[in-house]
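Coordinates as given in my_file-v4.cif (mmCIF, N, CA and C atoms and all ligand atoms):
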data_final
#
loop_
_atom_site.label_atom_id
_atom_site.label_comp_id
_atom_site.auth_asym_id
_atom_site.auth_seq_id
_atom_site.Cartn_x
_atom_site.Cartn_y
_atom_site.Cartn_z
N MET A 1 6.04 -8.88 4.97
CA MET A 1 5.44 -8.56 6.26
C MET A 1 6.32 -7.61 7.05
N GLY A 2 7.62 -7.90 7.11
CA GLY A 2 8.54 -7.10 7.90
C GLY A 2 8.57 -5.66 7.44
N LEU A 3 8.65 -5.46 6.15
CA LEU A 3 8.69 -4.09 5.61
C LEU A 3 7.40 -3.35 5.97
N GLY A 4 6.27 -4.02 5.81
CA GLY A 4 4.98 -3.40 6.14
C GLY A 4 4.95 -2.96 7.60
N MET A 5 5.45 -3.82 8.47
CA MET A 5 5.44 -3.48 9.90
C MET A 5 6.34 -2.29 10.18
N SER A 6 7.47 -2.22 9.51
CA SER A 6 8.36 -1.06 9.69
C SER A 6 7.68 0.22 9.21
N LEU A 7 6.97 0.12 8.10
CA LEU A 7 6.28 1.30 7.57
C LEU A 7 5.22 1.78 8.56
N ALA A 8 4.54 0.84 9.19
CA ALA A 8 3.51 1.20 10.17
C ALA A 8 4.11 2.00 11.31
N ARG A 9 5.36 1.72 11.61
CA ARG A 9 6.05 2.40 12.70
C ARG A 9 6.60 3.75 12.26
N LEU A 10 7.07 3.84 11.02
CA LEU A 10 7.86 5.00 10.61
C LEU A 10 7.10 6.11 9.87
N LEU A 11 6.03 5.77 9.18
CA LEU A 11 5.39 6.79 8.35
C LEU A 11 4.46 7.70 9.15
N PRO A 12 4.51 9.00 8.88
CA PRO A 12 3.61 9.92 9.58
C PRO A 12 2.17 9.83 9.03
N ASN A 13 1.21 10.20 9.84
CA ASN A 13 -0.17 10.25 9.38
C ASN A 13 -0.29 11.12 8.13
N GLY A 14 -1.20 10.75 7.28
CA GLY A 14 -1.40 11.51 6.05
C GLY A 14 -0.54 11.00 4.90
N SER A 15 0.31 10.01 5.18
CA SER A 15 1.18 9.48 4.13
C SER A 15 0.40 8.65 3.11
N THR A 16 0.84 8.73 1.87
CA THR A 16 0.29 7.89 0.81
C THR A 16 1.42 7.07 0.21
N VAL A 17 1.19 5.77 0.12
CA VAL A 17 2.20 4.86 -0.42
C VAL A 17 1.65 4.21 -1.67
N LEU A 18 2.39 4.36 -2.77
CA LEU A 18 1.97 3.75 -4.04
C LEU A 18 2.71 2.44 -4.22
N LEU A 19 1.96 1.37 -4.41
CA LEU A 19 2.56 0.04 -4.58
C LEU A 19 2.45 -0.38 -6.03
N THR A 20 3.61 -0.57 -6.67
CA THR A 20 3.55 -1.06 -8.05
C THR A 20 4.28 -2.39 -8.15
N GLY A 21 3.88 -3.17 -9.12
CA GLY A 21 4.42 -4.51 -9.29
C GLY A 21 3.37 -5.36 -9.98
N ASP A 22 3.83 -6.40 -10.66
CA ASP A 22 2.92 -7.25 -11.42
C ASP A 22 1.85 -7.89 -10.55
N LEU A 23 0.88 -8.50 -11.21
CA LEU A 23 -0.11 -9.33 -10.52
C LEU A 23 0.63 -10.34 -9.67
N GLY A 24 0.29 -10.43 -8.40
CA GLY A 24 0.92 -11.42 -7.54
C GLY A 24 2.31 -11.05 -7.05
N ALA A 25 2.71 -9.82 -7.24
CA ALA A 25 4.06 -9.41 -6.82
C ALA A 25 4.18 -9.39 -5.29
N GLY A 26 3.08 -9.10 -4.62
CA GLY A 26 3.13 -9.07 -3.15
C GLY A 26 2.67 -7.74 -2.56
N LYS A 27 1.88 -6.99 -3.30
CA LYS A 27 1.41 -5.68 -2.84
C LYS A 27 0.45 -5.84 -1.64
N THR A 28 -0.53 -6.71 -1.81
CA THR A 28 -1.51 -6.91 -0.73
C THR A 28 -0.82 -7.48 0.51
N THR A 29 0.13 -8.36 0.27
CA THR A 29 0.86 -8.97 1.39
C THR A 29 1.58 -7.90 2.20
N LEU A 30 2.14 -6.91 1.52
CA LEU A 30 2.82 -5.83 2.23
C LEU A 30 1.82 -5.05 3.10
N VAL A 31 0.62 -4.81 2.55
CA VAL A 31 -0.39 -4.07 3.32
C VAL A 31 -0.81 -4.87 4.56
N ARG A 32 -0.81 -6.21 4.42
CA ARG A 32 -1.10 -7.05 5.60
C ARG A 32 -0.08 -6.81 6.70
N GLY A 33 1.17 -6.62 6.32
CA GLY A 33 2.21 -6.34 7.31
C GLY A 33 1.96 -5.00 7.99
N VAL A 34 1.51 -4.02 7.21
CA VAL A 34 1.19 -2.70 7.79
C VAL A 34 0.06 -2.86 8.80
N ALA A 35 -0.96 -3.62 8.42
CA ALA A 35 -2.11 -3.83 9.31
C ALA A 35 -1.65 -4.46 10.62
N ARG A 36 -0.78 -5.44 10.49
CA ARG A 36 -0.28 -6.09 11.71
C ARG A 36 0.47 -5.08 12.57
N GLY A 37 1.30 -4.25 11.92
CA GLY A 37 2.08 -3.25 12.66
C GLY A 37 1.19 -2.23 13.35
N LEU A 38 0.01 -2.00 12.80
CA LEU A 38 -0.92 -1.02 13.39
C LEU A 38 -1.89 -1.69 14.37
N HIS A 39 -1.68 -2.99 14.62
CA HIS A 39 -2.56 -3.76 15.51
C HIS A 39 -3.99 -3.81 15.01
N ILE A 40 -4.13 -3.98 13.73
CA ILE A 40 -5.46 -4.16 13.13
C ILE A 40 -5.68 -5.67 13.05
N ASN A 41 -6.73 -6.15 13.70
CA ASN A 41 -6.90 -7.59 13.76
C ASN A 41 -7.70 -8.19 12.61
N GLU A 42 -8.43 -7.33 11.88
CA GLU A 42 -9.20 -7.85 10.75
C GLU A 42 -8.25 -8.38 9.67
N LEU A 43 -8.73 -9.33 8.93
CA LEU A 43 -7.93 -9.89 7.84
C LEU A 43 -7.95 -8.91 6.66
N VAL A 44 -6.78 -8.54 6.20
CA VAL A 44 -6.69 -7.66 5.03
C VAL A 44 -6.70 -8.53 3.78
N GLN A 45 -7.73 -8.36 2.98
CA GLN A 45 -7.80 -9.12 1.74
C GLN A 45 -7.67 -8.17 0.58
N SER A 46 -7.39 -8.73 -0.56
CA SER A 46 -7.27 -7.87 -1.72
C SER A 46 -8.60 -7.16 -1.93
N PRO A 47 -8.60 -5.84 -1.95
CA PRO A 47 -9.87 -5.14 -2.11
C PRO A 47 -10.27 -5.00 -3.57
N THR A 48 -9.71 -5.84 -4.42
CA THR A 48 -10.00 -5.72 -5.85
C THR A 48 -11.50 -5.65 -6.13
N PHE A 49 -12.29 -6.37 -5.32
CA PHE A 49 -13.72 -6.39 -5.60
C PHE A 49 -14.50 -5.27 -4.93
N ASN A 50 -13.86 -4.58 -3.99
CA ASN A 50 -14.58 -3.42 -3.45
C ASN A 50 -13.75 -2.14 -3.53
N ILE A 51 -12.64 -2.19 -4.24
CA ILE A 51 -11.81 -1.02 -4.54
C ILE A 51 -11.17 -0.37 -3.32
N MET A 52 -11.96 -0.11 -2.26
CA MET A 52 -11.36 0.51 -1.10
C MET A 52 -11.83 -0.13 0.21
N LYS A 53 -10.90 -0.30 1.14
CA LYS A 53 -11.26 -0.77 2.48
C LYS A 53 -10.64 0.19 3.48
N LEU A 54 -11.42 0.51 4.48
CA LEU A 54 -10.97 1.44 5.52
C LEU A 54 -10.94 0.67 6.84
N TYR A 55 -9.79 0.61 7.49
CA TYR A 55 -9.66 -0.10 8.77
C TYR A 55 -9.46 0.93 9.87
N LEU A 56 -10.38 0.98 10.80
CA LEU A 56 -10.33 2.02 11.82
C LEU A 56 -10.01 1.50 13.22
N LYS A 57 -9.87 0.18 13.33
CA LYS A 57 -9.75 -0.37 14.68
C LYS A 57 -8.31 -0.58 15.16
N GLY A 58 -7.36 0.00 14.49
CA GLY A 58 -5.98 -0.16 14.92
C GLY A 58 -5.46 1.10 15.60
N ASP A 59 -4.14 1.17 15.79
CA ASP A 59 -3.52 2.34 16.40
C ASP A 59 -3.80 3.61 15.59
N ARG A 60 -3.80 3.44 14.28
CA ARG A 60 -4.11 4.55 13.37
C ARG A 60 -4.95 3.96 12.24
N ALA A 61 -5.59 4.84 11.47
CA ALA A 61 -6.43 4.34 10.38
C ALA A 61 -5.56 3.79 9.25
N LEU A 62 -6.07 2.79 8.57
CA LEU A 62 -5.41 2.26 7.38
C LEU A 62 -6.42 2.26 6.24
N ILE A 63 -6.05 2.90 5.16
CA ILE A 63 -6.88 2.90 3.96
C ILE A 63 -6.17 2.09 2.90
N HIS A 64 -6.85 1.10 2.38
CA HIS A 64 -6.26 0.21 1.37
C HIS A 64 -7.09 0.33 0.10
N ILE A 65 -6.47 0.82 -0.94
CA ILE A 65 -7.16 1.00 -2.22
C ILE A 65 -6.53 0.10 -3.26
N ASP A 66 -7.35 -0.57 -4.04
CA ASP A 66 -6.86 -1.35 -5.17
C ASP A 66 -7.57 -0.82 -6.41
N ALA A 67 -6.85 -0.06 -7.20
CA ALA A 67 -7.48 0.65 -8.32
C ALA A 67 -7.56 -0.20 -9.58
N TYR A 68 -7.23 -1.48 -9.46
CA TYR A 68 -7.17 -2.34 -10.66
C TYR A 68 -8.44 -2.25 -11.49
N ARG A 69 -9.57 -2.27 -10.83
CA ARG A 69 -10.83 -2.26 -11.58
C ARG A 69 -11.22 -0.87 -12.08
N LEU A 70 -10.41 0.11 -11.77
CA LEU A 70 -10.73 1.46 -12.25
C LEU A 70 -10.04 1.78 -13.56
N LYS A 71 -9.33 0.81 -14.07
CA LYS A 71 -8.70 0.95 -15.38
C LYS A 71 -9.79 1.36 -16.37
N ASP A 72 -9.51 2.35 -17.16
CA ASP A 72 -10.47 2.81 -18.18
C ASP A 72 -11.74 3.45 -17.63
N ILE A 73 -11.81 3.66 -16.33
CA ILE A 73 -13.00 4.31 -15.78
C ILE A 73 -12.65 5.77 -15.50
N GLU A 74 -13.41 6.66 -16.08
CA GLU A 74 -13.09 8.08 -15.98
C GLU A 74 -13.82 8.72 -14.82
N GLN A 75 -14.93 8.11 -14.41
CA GLN A 75 -15.81 8.81 -13.50
C GLN A 75 -15.23 8.93 -12.09
N ASP A 76 -15.57 9.99 -11.42
CA ASP A 76 -15.07 10.28 -10.08
C ASP A 76 -15.92 9.53 -9.07
N ILE A 77 -15.31 8.62 -8.30
CA ILE A 77 -16.11 7.88 -7.33
C ILE A 77 -15.80 8.31 -5.90
N GLY A 78 -15.19 9.47 -5.75
CA GLY A 78 -15.01 10.04 -4.42
C GLY A 78 -13.85 9.47 -3.62
N LEU A 79 -12.97 8.78 -4.29
CA LEU A 79 -11.82 8.18 -3.60
C LEU A 79 -10.88 9.23 -3.04
N ASP A 80 -10.84 10.36 -3.69
CA ASP A 80 -9.87 11.39 -3.32
C ASP A 80 -10.01 11.83 -1.87
N GLU A 81 -11.19 11.66 -1.29
CA GLU A 81 -11.36 12.06 0.11
C GLU A 81 -10.54 11.20 1.06
N TYR A 82 -10.20 10.00 0.64
CA TYR A 82 -9.49 9.08 1.52
C TYR A 82 -7.99 9.03 1.23
N ILE A 83 -7.59 9.50 0.11
CA ILE A 83 -6.17 9.45 -0.23
C ILE A 83 -5.47 10.55 0.56
N GLY A 84 -4.49 10.14 1.33
CA GLY A 84 -3.80 11.10 2.19
C GLY A 84 -4.63 11.44 3.42
N TYR A 85 -5.50 10.53 3.82
CA TYR A 85 -6.35 10.65 5.00
C TYR A 85 -5.51 11.05 6.21
N GLU A 86 -5.89 12.14 6.85
CA GLU A 86 -5.02 12.74 7.87
C GLU A 86 -4.82 11.92 9.14
N GLN A 87 -5.76 11.02 9.43
CA GLN A 87 -5.63 10.24 10.67
C GLN A 87 -4.95 8.90 10.46
N GLY A 88 -4.34 8.72 9.30
CA GLY A 88 -3.72 7.41 9.11
C GLY A 88 -2.91 7.31 7.84
N LEU A 89 -2.77 6.09 7.37
CA LEU A 89 -1.91 5.80 6.22
C LEU A 89 -2.75 5.25 5.06
N THR A 90 -2.41 5.67 3.86
CA THR A 90 -3.11 5.19 2.67
C THR A 90 -2.15 4.39 1.80
N PHE A 91 -2.55 3.18 1.44
CA PHE A 91 -1.76 2.32 0.55
C PHE A 91 -2.57 2.05 -0.71
N ILE A 92 -1.94 2.25 -1.87
CA ILE A 92 -2.68 2.11 -3.14
C ILE A 92 -2.01 1.11 -4.06
N GLU A 93 -2.76 0.06 -4.42
CA GLU A 93 -2.30 -0.88 -5.45
C GLU A 93 -2.82 -0.39 -6.80
N TRP A 94 -2.05 -0.57 -7.82
CA TRP A 94 -2.38 -0.13 -9.18
C TRP A 94 -2.68 1.38 -9.25
N PRO A 95 -1.77 2.21 -8.68
CA PRO A 95 -2.01 3.66 -8.68
C PRO A 95 -2.03 4.26 -10.09
N GLU A 96 -1.43 3.55 -11.04
CA GLU A 96 -1.40 4.09 -12.40
C GLU A 96 -2.79 4.29 -12.98
N TYR A 97 -3.78 3.63 -12.38
CA TYR A 97 -5.15 3.78 -12.91
C TYR A 97 -5.92 4.94 -12.29
N ILE A 98 -5.32 5.58 -11.29
CA ILE A 98 -5.99 6.77 -10.71
C ILE A 98 -5.00 7.92 -10.59
N GLU A 99 -4.17 8.01 -11.60
CA GLU A 99 -3.08 8.98 -11.57
C GLU A 99 -3.52 10.40 -11.23
N ASN A 100 -4.67 10.80 -11.73
CA ASN A 100 -5.13 12.18 -11.51
C ASN A 100 -5.55 12.44 -10.06
N LEU A 101 -5.68 11.38 -9.26
CA LEU A 101 -6.10 11.57 -7.86
C LEU A 101 -4.93 11.56 -6.88
N LEU A 102 -3.74 11.27 -7.36
CA LEU A 102 -2.62 11.05 -6.45
C LEU A 102 -2.00 12.36 -5.96
N PRO A 103 -1.63 12.39 -4.67
CA PRO A 103 -0.97 13.59 -4.15
C PRO A 103 0.45 13.70 -4.71
N LYS A 104 1.04 14.86 -4.53
CA LYS A 104 2.38 15.08 -5.09
C LYS A 104 3.43 14.33 -4.30
N GLU A 105 3.29 14.39 -2.97
CA GLU A 105 4.31 13.77 -2.14
C GLU A 105 3.86 12.38 -1.71
N VAL A 106 4.54 11.38 -2.22
CA VAL A 106 4.15 9.99 -1.91
C VAL A 106 5.42 9.18 -1.66
N MET A 107 5.21 7.98 -1.12
CA MET A 107 6.29 7.00 -1.11
C MET A 107 5.98 6.03 -2.24
N ASN A 108 6.98 5.72 -3.04
CA ASN A 108 6.80 4.76 -4.12
C ASN A 108 7.49 3.46 -3.76
N ILE A 109 6.76 2.36 -3.83
CA ILE A 109 7.37 1.06 -3.59
C ILE A 109 7.14 0.18 -4.81
N GLU A 110 8.23 -0.22 -5.43
CA GLU A 110 8.15 -1.12 -6.59
C GLU A 110 8.56 -2.51 -6.14
N ILE A 111 7.67 -3.46 -6.34
CA ILE A 111 7.97 -4.83 -5.94
C ILE A 111 8.21 -5.67 -7.19
N HIS A 112 9.39 -6.27 -7.26
CA HIS A 112 9.71 -7.14 -8.39
C HIS A 112 9.71 -8.59 -7.93
N HIS A 113 8.95 -9.37 -8.64
CA HIS A 113 8.83 -10.80 -8.33
C HIS A 113 10.03 -11.51 -8.97
N VAL A 114 11.04 -11.81 -8.16
CA VAL A 114 12.26 -12.41 -8.70
C VAL A 114 12.12 -13.92 -8.84
N ASP A 115 11.60 -14.54 -7.79
CA ASP A 115 11.45 -15.99 -7.78
C ASP A 115 10.31 -16.30 -6.81
N ASP A 116 9.91 -17.57 -6.74
CA ASP A 116 8.79 -17.97 -5.87
C ASP A 116 8.72 -17.19 -4.57
N ASP A 117 9.83 -17.25 -3.82
CA ASP A 117 9.79 -16.58 -2.53
C ASP A 117 10.82 -15.46 -2.42
N VAL A 118 11.18 -14.89 -3.56
CA VAL A 118 12.16 -13.81 -3.55
C VAL A 118 11.55 -12.56 -4.18
N ARG A 119 11.65 -11.45 -3.45
CA ARG A 119 11.14 -10.17 -3.96
C ARG A 119 12.26 -9.14 -3.89
N ASP A 120 12.35 -8.33 -4.95
CA ASP A 120 13.29 -7.23 -4.94
C ASP A 120 12.45 -5.97 -4.78
N ILE A 121 12.77 -5.14 -3.81
CA ILE A 121 11.92 -3.99 -3.51
C ILE A 121 12.69 -2.69 -3.62
N GLU A 122 12.11 -1.78 -4.37
CA GLU A 122 12.75 -0.47 -4.59
C GLU A 122 11.85 0.62 -4.03
N ILE A 123 12.43 1.45 -3.15
CA ILE A 123 11.61 2.47 -2.50
C ILE A 123 12.12 3.87 -2.84
N THR A 124 11.21 4.75 -3.22
CA THR A 124 11.57 6.15 -3.44
C THR A 124 10.76 6.99 -2.45
N TYR A 125 11.46 7.85 -1.73
CA TYR A 125 10.79 8.66 -0.69
C TYR A 125 11.64 9.90 -0.41
N HIS A 126 10.98 10.98 0.00
CA HIS A 126 11.72 12.23 0.19
C HIS A 126 12.50 12.27 1.51
N ASP A 127 12.08 11.46 2.50
CA ASP A 127 12.72 11.54 3.81
C ASP A 127 13.82 10.49 3.96
N GLU A 128 15.04 10.94 3.83
CA GLU A 128 16.19 10.03 3.86
C GLU A 128 16.30 9.28 5.19
N LYS A 129 15.85 9.92 6.27
CA LYS A 129 15.94 9.26 7.59
C LYS A 129 15.08 8.01 7.63
N VAL A 130 13.89 8.13 7.05
CA VAL A 130 12.99 6.97 7.01
C VAL A 130 13.61 5.87 6.16
N LEU A 131 14.17 6.23 5.03
CA LEU A 131 14.80 5.23 4.16
C LEU A 131 15.92 4.51 4.90
N GLU A 132 16.67 5.27 5.65
CA GLU A 132 17.77 4.69 6.41
C GLU A 132 17.26 3.67 7.43
N GLU A 133 16.19 4.05 8.12
CA GLU A 133 15.58 3.13 9.11
C GLU A 133 15.10 1.85 8.43
N LEU A 134 14.55 2.01 7.23
CA LEU A 134 14.01 0.85 6.53
C LEU A 134 15.13 -0.12 6.09
N ARG A 135 16.32 0.43 5.90
CA ARG A 135 17.44 -0.42 5.46
C ARG A 135 17.99 -1.26 6.60
N LYS A 136 17.69 -0.86 7.83
CA LYS A 136 18.26 -1.56 9.00
C LYS A 136 17.73 -2.98 9.13
N1 LIG B 1 7.66 -11.02 0.17
C1 LIG B 1 7.13 -12.18 -0.26
N2 LIG B 1 7.84 -13.30 -0.24
C2 LIG B 1 7.30 -14.45 -0.67
N3 LIG B 1 6.05 -14.60 -1.16
C3 LIG B 1 5.29 -13.52 -1.21
C4 LIG B 1 5.78 -12.24 -0.77
N4 LIG B 1 4.81 -11.32 -0.95
C5 LIG B 1 3.76 -12.00 -1.46
N5 LIG B 1 4.03 -13.31 -1.63
C6 LIG B 1 3.08 -14.32 -2.17
O1 LIG B 1 2.70 -13.92 -3.48
C7 LIG B 1 1.31 -14.17 -3.71
C8 LIG B 1 0.59 -12.93 -4.22
O2 LIG B 1 0.71 -11.90 -3.27
P1 LIG B 1 -0.27 -10.63 -3.22
O3 LIG B 1 -1.69 -11.04 -3.24
O4 LIG B 1 0.21 -9.83 -2.08
O5 LIG B 1 0.07 -9.92 -4.59
P2 LIG B 1 -0.49 -8.56 -5.22
O6 LIG B 1 0.71 -7.83 -5.70
O7 LIG B 1 -1.35 -7.89 -4.23
O8 LIG B 1 -1.34 -9.06 -6.45
P3 LIG B 1 -2.56 -8.34 -7.23
O9 LIG B 1 -1.94 -7.44 -8.24
O10 LIG B 1 -3.25 -9.49 -7.86
O11 LIG B 1 -3.38 -7.62 -6.22
C9 LIG B 1 0.75 -14.69 -2.41
O12 LIG B 1 0.61 -16.08 -2.53
C10 LIG B 1 1.80 -14.35 -1.38
O13 LIG B 1 1.86 -15.31 -0.36
MG MG B 2 -3.33 -7.27 -4.37
#
Would you give me this structure, written as structure tokens?
Amino acid sequence: MGLGMSLARLLPNGSTVLLTGDLGAGKTTLVRGVARGLHINELVQSPTFNIMKLYLKGDRALIHIDAYRLKDIEQDIGLDEYIGYEQGLTFIEWPEYIENLLPKEVMNIEIHHVDDDVRDIEITYHDEKVLEELRK
């Protein structure tokens, strides 16, 4: 939750964040933190069954994509219009399944499930200042 809230504060509009990690690693939970940080009151649930959810009622837009069900699907379903959405932030679970739609400049967050309540998180991003803030 804390990391998500920091990201809500630090990332510029148009940012795309790729979340990788095993089933149950905590990807959706992180997006919940972002929603809280953006003052979005709706409950963020795993969008696995609807692939994409767009939240417009917060400080900025939040786009939450879960590409899990797009594994092995080649067809274009128009998701690219929302990735890197200029008025907000885009978070993508299972980005490996929509590799051809991903922008070049992204933040990568790898979540490793270490133990029941322990997560190890690795972040790759081009802006060192943001990384520094996140370490605080
Ligand atoms: N940082 C954390 N610390 C402790 N528990 C966590 C953390 N993040 C998530 N969890 C717990 O792990 C479980 C799975 O989390 P979540 O649904 O966010 O995973 P996910 O990576 O989105 O999984 P999926 O790949 O199925 O979408 C939940 O029960 C959640 O409470
Ligand atoms: Mg999830």
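Every protein, DNA or RNA residue with an atom at most 7 Å from segment 91-102 of chain A, where only C-alpha atoms count and chain neighbours fewer than 4 positions away do not, is listed here: Thr16, Val17, Leu18, Leu19, Thr20, Lys27, Ile63, His64, Ile65, Asp66, Ala67, Tyr68, Leu70, Lys71 and Asp80 of chain A.
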Report as JSON lines the residues of chain A within 12 Å of ligand LIG 1 (chain B), each with its shortest atom pair and distance in Å (one decimal), using only C-alpha atoms and all ligand atoms, ordered by chain and increasing residue number.
{"residue": "A:Met1", "atom": "CA", "partner": "B:LIG1", "partner_atom": "N1", "distance": 6.9}
{"residue": "A:Gly2", "atom": "CA", "partner": "B:LIG1", "partner_atom": "N1", "distance": 8.7}
{"residue": "A:Leu3", "atom": "CA", "partner": "B:LIG1", "partner_atom": "N1", "distance": 8.9}
{"residue": "A:Gly4", "atom": "CA", "partner": "B:LIG1", "partner_atom": "N1", "distance": 10.0}
{"residue": "A:Leu18", "atom": "CA", "partner": "B:LIG1", "partner_atom": "O6", "distance": 11.8}
{"residue": "A:Leu19", "atom": "CA", "partner": "B:LIG1", "partner_atom": "O6", "distance": 8.2}
{"residue": "A:Thr20", "atom": "CA", "partner": "B:LIG1", "partner_atom": "O6", "distance": 7.7}
{"residue": "A:Gly21", "atom": "CA", "partner": "B:LIG1", "partner_atom": "O6", "distance": 6.1}
{"residue": "A:Asp22", "atom": "CA", "partner": "B:LIG1", "partner_atom": "O9", "distance": 5.8}
{"residue": "A:Leu23", "atom": "CA", "partner": "B:LIG1", "partner_atom": "O9", "distance": 3.5}
{"residue": "A:Gly24", "atom": "CA", "partner": "B:LIG1", "partner_atom": "O5", "distance": 3.4}
{"residue": "A:Ala25", "atom": "CA", "partner": "B:LIG1", "partner_atom": "O6", "distance": 3.9}
{"residue": "A:Gly26", "atom": "CA", "partner": "B:LIG1", "partner_atom": "O4", "distance": 3.2}
{"residue": "A:Lys27", "atom": "CA", "partner": "B:LIG1", "partner_atom": "O6", "distance": 3.6}
{"residue": "A:Thr28", "atom": "CA", "partner": "B:LIG1", "partner_atom": "O7", "distance": 3.6}
{"residue": "A:Thr29", "atom": "CA", "partner": "B:LIG1", "partner_atom": "O4", "distance": 3.6}
{"residue": "A:Leu30", "atom": "CA", "partner": "B:LIG1", "partner_atom": "O4", "distance": 6.4}
{"residue": "A:Val31", "atom": "CA", "partner": "B:LIG1", "partner_atom": "O4", "distance": 7.9}
{"residue": "A:Arg32", "atom": "CA", "partner": "B:LIG1", "partner_atom": "O4", "distance": 8.3}
{"residue": "A:Gly33", "atom": "CA", "partner": "B:LIG1", "partner_atom": "N4", "distance": 10.0}
{"residue": "A:Val44", "atom": "CA", "partner": "B:LIG1", "partner_atom": "O4", "distance": 10.1}
{"residue": "A:Gln45", "atom": "CA", "partner": "B:LIG1", "partner_atom": "O3", "distance": 8.1}
{"residue": "A:Ser46", "atom": "CA", "partner": "B:LIG1", "partner_atom": "O11", "distance": 6.0}
{"residue": "A:Pro47", "atom": "CA", "partner": "B:LIG1", "partner_atom": "O11", "distance": 8.1}
{"residue": "A:Thr48", "atom": "CA", "partner": "B:LIG1", "partner_atom": "O11", "distance": 6.9}
{"residue": "A:Phe49", "atom": "CA", "partner": "B:LIG1", "partner_atom": "O11", "distance": 10.4}
{"residue": "A:Ile51", "atom": "CA", "partner": "B:LIG1", "partner_atom": "O11", "distance": 10.8}
{"residue": "A:His64", "atom": "CA", "partner": "B:LIG1", "partner_atom": "O7", "distance": 11.0}
{"residue": "A:Ile65", "atom": "CA", "partner": "B:LIG1", "partner_atom": "O11", "distance": 10.2}
{"residue": "A:Asp66", "atom": "CA", "partner": "B:LIG1", "partner_atom": "O11", "distance": 7.2}
{"residue": "A:Ala67", "atom": "CA", "partner": "B:LIG1", "partner_atom": "O11", "distance": 9.5}
{"residue": "A:Tyr68", "atom": "CA", "partner": "B:LIG1", "partner_atom": "O9", "distance": 7.7}
{"residue": "A:Arg69", "atom": "CA", "partner": "B:LIG1", "partner_atom": "O11", "distance": 10.6}
{"residue": "A:Phe91", "atom": "CA", "partner": "B:LIG1", "partner_atom": "O7", "distance": 11.3}
{"residue": "A:Ile92", "atom": "CA", "partner": "B:LIG1", "partner_atom": "O7", "distance": 10.1}
{"residue": "A:Glu93", "atom": "CA", "partner": "B:LIG1", "partner_atom": "O11", "distance": 6.9}
{"residue": "A:Trp94", "atom": "CA", "partner": "B:LIG1", "partner_atom": "O9", "distance": 7.4}
{"residue": "A:Pro95", "atom": "CA", "partner": "B:LIG1", "partner_atom": "O9", "distance": 11.1}
{"residue": "A:Ile109", "atom": "CA", "partner": "B:LIG1", "partner_atom": "O6", "distance": 11.3}
{"residue": "A:Glu110", "atom": "CA", "partner": "B:LIG1", "partner_atom": "O6", "distance": 10.1}
{"residue": "A:Ile111", "atom": "CA", "partner": "B:LIG1", "partner_atom": "O6", "distance": 7.9}
{"residue": "A:His112", "atom": "CA", "partner": "B:LIG1", "partner_atom": "O6", "distance": 9.4}
{"residue": "A:His113", "atom": "CA", "partner": "B:LIG1", "partner_atom": "C4", "distance": 8.3}
{"residue": "A:Val114", "atom": "CA", "partner": "B:LIG1", "partner_atom": "N2", "distance": 9.6}
{"residue": "A:Asp115", "atom": "CA", "partner": "B:LIG1", "partner_atom": "C2", "distance": 8.4}
{"residue": "A:Asp116", "atom": "CA", "partner": "B:LIG1", "partner_atom": "N3", "distance": 6.4}
{"residue": "A:Asp117", "atom": "CA", "partner": "B:LIG1", "partner_atom": "C2", "distance": 3.8}
{"residue": "A:Val118", "atom": "CA", "partner": "B:LIG1", "partner_atom": "N2", "distance": 5.5}
{"residue": "A:Arg119", "atom": "CA", "partner": "B:LIG1", "partner_atom": "N1", "distance": 5.5}
{"residue": "A:Asp120", "atom": "CA", "partner": "B:LIG1", "partner_atom": "N1", "distance": 8.5}
{"residue": "A:Ile121", "atom": "CA", "partner": "B:LIG1", "partner_atom": "N1", "distance": 9.0}
Name the residues of chain A that come out as alpha helix (DSSP H) in a backbone DSSP run; write them as a ChimeraX atom specification.
/A:2-10,27-37,128-135
Could you go through segment 2-116 of chain A and tell me which residues DSSP, when run on the backbone, assigns to strand (DSSP E or B), listing them as number ranges by chain?
A: 16-20, 52-55, 61-66, 88-93, 107-115
To one decimal place in Å, what is the distance between atom C of Tyr85 of chain A and atom C of Ala61 of chain A?
7.9 Å
Gap from atom C of Glu122 of chain A to atom CA of Asn108 of chain A - Å, one decimal
6.5 Å
Show me, as lines of an AutoDock Vina configuration file, the centre and edge lengths in Å to one decimal of the axis-aligned box that covers every listed atom of segment 69-85 of chain A with 4 Å on each side.
center_x = -10.0
center_y = 4.9
center_z = -6.0
size_x = 20.3
size_y = 22.3
size_z = 32.4
Copy segment 68-83 of chain A out of the block into a file, keeping C-alpha atoms, as a compact mmCIF listing (two decimals), in the first residue's frame.
# COMPACT_ATOMS: atom_id res chain seq x y z
CA TYR A 68 -3.46 -12.50 -17.76
CA ARG A 69 -6.35 -13.62 -19.92
CA LEU A 70 -4.73 -12.27 -23.06
CA LYS A 71 -2.13 -14.99 -23.00
CA ASP A 72 -2.12 -16.61 -26.45
CA ILE A 73 -4.58 -14.05 -27.81
CA GLU A 74 -3.25 -12.28 -30.87
CA GLN A 75 -6.17 -10.08 -31.68
CA ASP A 76 -6.08 -6.33 -31.07
CA ILE A 77 -8.73 -5.33 -28.54
CA GLY A 78 -7.92 -1.62 -28.50
CA LEU A 79 -6.05 -1.56 -25.22
CA ASP A 80 -3.28 0.52 -26.70
CA GLU A 81 -5.45 3.64 -26.50
CA TYR A 82 -5.31 3.50 -22.71
CA ILE A 83 -1.71 2.54 -22.18
